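> Pasting a structure below so you can have a look.
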Amino acid sequence: MTTTQGSTTITADDEAGQAAFDAVIAADSRIEPRDWMPAAYRKTLIRQISQHAHSEIIGMQPEGNWITRAPSLKRKAILMAKVQDEAGHGLYLYSAAQTLGITRDEMTEQLITGRAKYSSIFNYPTPTWADMGAIGWLVDGAAICNQVPLCRASYGPYGRAMVRICKEESFHQRQGFEILLSLMQGTDAQREMAQDAVDRWYWPSLMMFGPPDDASPNSAQSMAWNIKRFSNDDLRQRFVGMLVPQAEVLGVTLPDPNLRWNDETGRWDMSEIDWDEFFEVLAGRGPMNAERLRIRRDAHEDGAWVREAAAAYARKQAARVEDTREVA
Ligand code: BYC
C-alpha cells in the first residue's frame, strides 16, 4: 500500500521500517548499515561522521608542523605516532560514513572545496613547542569528554569506531599533559611558554563542544536518536570540572577569572565564551582556515599519481584473476 504525505510517498515497507527503527532506538540498541533508517537519520550521521573525519585529517596539520622541530628524538617519535593515529581515526570514520552511502571521493571533494565543516579548533596556529602540550591536554581532553559518550551512539559502525579512537585519544591526552608538566618543571622561560599556550588554547577548546544548548539546532533530534547522549553545555561543564584539578597539578592558571564552582546550581560559573569568534571561525575566517585548506588541497593534488597508480594496479590484478578463472 502507498500513501502520500505532502510531497513524500510512504510505502508499507517504510511504515514497517520506521516501526522497527523506533523499537531499536527505544530499546537503546543499535542500527546497522543494512537496516531501514529514516532519511534524516542517515543525513545527520553522514554530516556528523564526515565532519568528524575531516577534523581528524585537518587536525594532523597543527601538530605536523612540529615533527621536524621536536626537542628530542623521543618527543619526535611520540609526536609522529600521535599524528599517524589521527590519520587512522580519519580513515575509520570515513569508512563508517561510507556505510551510509556517501563515497570517500564525495567527502574529500566537500572538504577541499570548503563546503564541509571540520572542528573550529584546528584553525589556530601552533607557534611554540608548548602548543603540542596544550593540544594534547586541552584539545584531546575535550575530544575524550565529547567522544566517550559517542561509543554508545546508536549507529553501530560509528560507535564501534569511537571505542578504538577513544583509547588512542586517552594516550594523546596524557602525552600532552606530560609535555606541559616537563615545561612547568623547567626554567622560567619554559613555564611562561606553557602558560602562554594554555592561555591561547583554553577558550578555543571550550568551543569544540559546539554552540550553547539554546543555539544548537541539531542537539534535540540527535539526542532523541541516541547519537548524542549529552548536550553541548553539559559536556563543556564536565570538561571544565576535569581540567580544574589537573591545572592545579600542572601549576598553570586557567585564563578565566570568573571560573568557580557554584554549590547552588551544581555547575561551574564561568565568563561568557566569545561566540562571535566561534562563528567567524566556522564561516572560514579564523586565523588559519585558508592555510589549512590550501595545504589539504595541495596534498590531494600531489597525491593524484598515487591514486592513479593504485587504481591501475587494482585493475591489473582483477584482470589477472579473471584470466586465471577462464583458463580453469
Ligand atoms: N567546529 O547543532 P550543533 C579531535 C557546527 S577531532 C566546527 O550543536 P551537533 C582531534 C555543527 O556541525 C574533534 N563546527 O551541532 C583530531 C553544526 O553545523 P551544521 C572533532 C561546529 O552536530 C586531531 C552547527 O555548528 N570532534 O578531537 O549537534 C587531533 C550547529 O551545532 C562546532 C567531533 O567531530 C565546532 N567546534 O554538535 C586532536 C565529534 N561545533 O553541520 C584531536 C563529533 C558545532 O548543522 N561531533 N559546529 O552545518 C559532535 O559531537 C557534534 O557534531 C558537535 C556539534 C558536538 C561537534
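Ordering of the C-alpha cells sets the chain letters (A, B, ...), residue numbers begin anew at 1 in every chain, and ligands are numbered from 1 in the order given.
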Show me which residues sit within 6 Å of ligand 1 when counting only C-alpha atoms and all ligand atoms, and put them as a JSON list (two decimals) with C-alpha atoms, in the first residue's frame.

```json
[["chain", "number", "residue", "atom", "x", "y", "z"],
["A", 47, "ARG", "CA", 27.04, 15.13, 8.40],
["A", 48, "GLN", "CA", 28.46, 14.42, 11.85],
["A", 51, "GLN", "CA", 32.81, 16.39, 9.79],
["A", 52, "HIS", "CA", 34.48, 14.31, 12.46],
["A", 55, "SER", "CA", 38.60, 17.16, 11.73],
["A", 56, "GLU", "CA", 40.98, 14.27, 12.28],
["A", 59, "GLY", "CA", 43.89, 18.08, 12.81],
["A", 60, "MET", "CA", 47.15, 16.47, 11.66],
["A", 86, "GLU", "CA", 44.89, 10.83, 13.75],
["A", 117, "LYS", "CA", 32.83, 21.79, 8.18],
["A", 118, "TYR", "CA", 35.60, 20.49, 10.43],
["A", 119, "SER", "CA", 36.32, 21.33, 14.05],
["A", 120, "SER", "CA", 36.93, 25.03, 14.69],
["A", 139, "VAL", "CA", 42.14, 19.53, 22.67],
["A", 140, "ASP", "CA", 42.44, 15.78, 23.14],
["A", 143, "ALA", "CA", 37.77, 15.25, 22.44],
["A", 146, "ASN", "CA", 32.85, 14.60, 23.80],
["A", 207, "MET", "CA", 34.26, 26.00, 21.75],
["A", 208, "MET", "CA", 34.91, 22.46, 20.49],
["A", 209, "PHE", "CA", 31.70, 21.33, 22.24],
["A", 210, "GLY", "CA", 29.63, 23.47, 19.88],
["A", 211, "PRO", "CA", 27.25, 26.39, 20.41],
["A", 216, "SER", "CA", 22.30, 24.21, 18.91],
["A", 217, "PRO", "CA", 19.82, 23.31, 16.13],
["A", 218, "ASN", "CA", 20.82, 19.63, 15.87],
["A", 219, "SER", "CA", 21.07, 18.57, 19.52],
["A", 232, "ASN", "CA", 26.92, 20.62, 24.33],
["A", 282, "LEU", "CA", 33.02, 28.50, 11.33]]
```
> For the helix (DSSP H, G or I) assignment from backbone DSSP, which residues of range 10-219 of chain A qualify? Please present them as a PyMOL selection string.
chain A and resi 12-26+39-58+60-64+67-69+73-98+104-112+120-123+130-147+149-152+156-184+188-207+213-215+219
> Counting only C-alpha atoms, figure out which residue out of A:Leu206, A:Leu79, A:Met107, A:Val198 gets nearest to Ala142 in chain A.
A:Leu206
> Which is closest to Ile31 in chain A among A:Tyr94, A:Trp203, A:Tyr124, A:Trp225, if we use only C-alpha atoms?
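Checking each candidate against Ile31 in chain A, we get A:Trp225 as the closest.
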> Pick the closest to Thr253 in chain A from A:Ala319, A:Ala96, A:Ala19, A:Ala197: which is it, counting only C-alpha atoms?
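Closest residue, counting only C-alpha atoms: A:Ala197.
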> Could you check which of A:Arg267, A:Ile46, A:Pro149, A:Arg75 is closest to Arg104 in chain A, using only C-alpha atoms?
A:Ile46
> With distances taken over only C-alpha atoms, which residue among A:Asp14, A:Glu168, A:Glu63, A:Ala153 lies nearest Ile49 in chain A?
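Closest residue, counting only C-alpha atoms: A:Ala153.
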> I want to know what sits within 10 Å of range 259-263 of chain A, based on only C-alpha atoms, with residues of the same chain fewer than 6 positions away left out; could you give that as a PyMOL selection string?
chain A and resi 240-241+244+269-271
> To one decimal place in Å, what is the distance between CA of Gln237 in chain A and CA of Tyr202 in chain A?
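Result for CA of Gln237 in chain A versus CA of Tyr202 in chain A: 13.4 Å, one decimal.
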> Work out how far CA of Trp129 in chain A is from CA of Glu248 in chain A, in Å to one decimal.
21.2 Å
> Mind pulling up the distance from CA of Ala70 in chain A to CA of Met184 in chain A?
17.3 Å
> Choose the residue, out of A:Thr68, A:Ser205, A:Ser222, A:Ser182, that has the smallest atom-to-atom separation from Gly133 in chain A; count only C-alpha atoms.
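Checking each of A:Thr68, A:Ser205, A:Ser222, A:Ser182 against Gly133 in chain A, counting only C-alpha atoms, the winner is A:Ser182.
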> Going by DSSP on the backbone, which residues of range 121-287 of chain A come out as strand (DSSP E or B)? List them as a PyMOL selection string.
chain A and resi 155+260-262+267-269
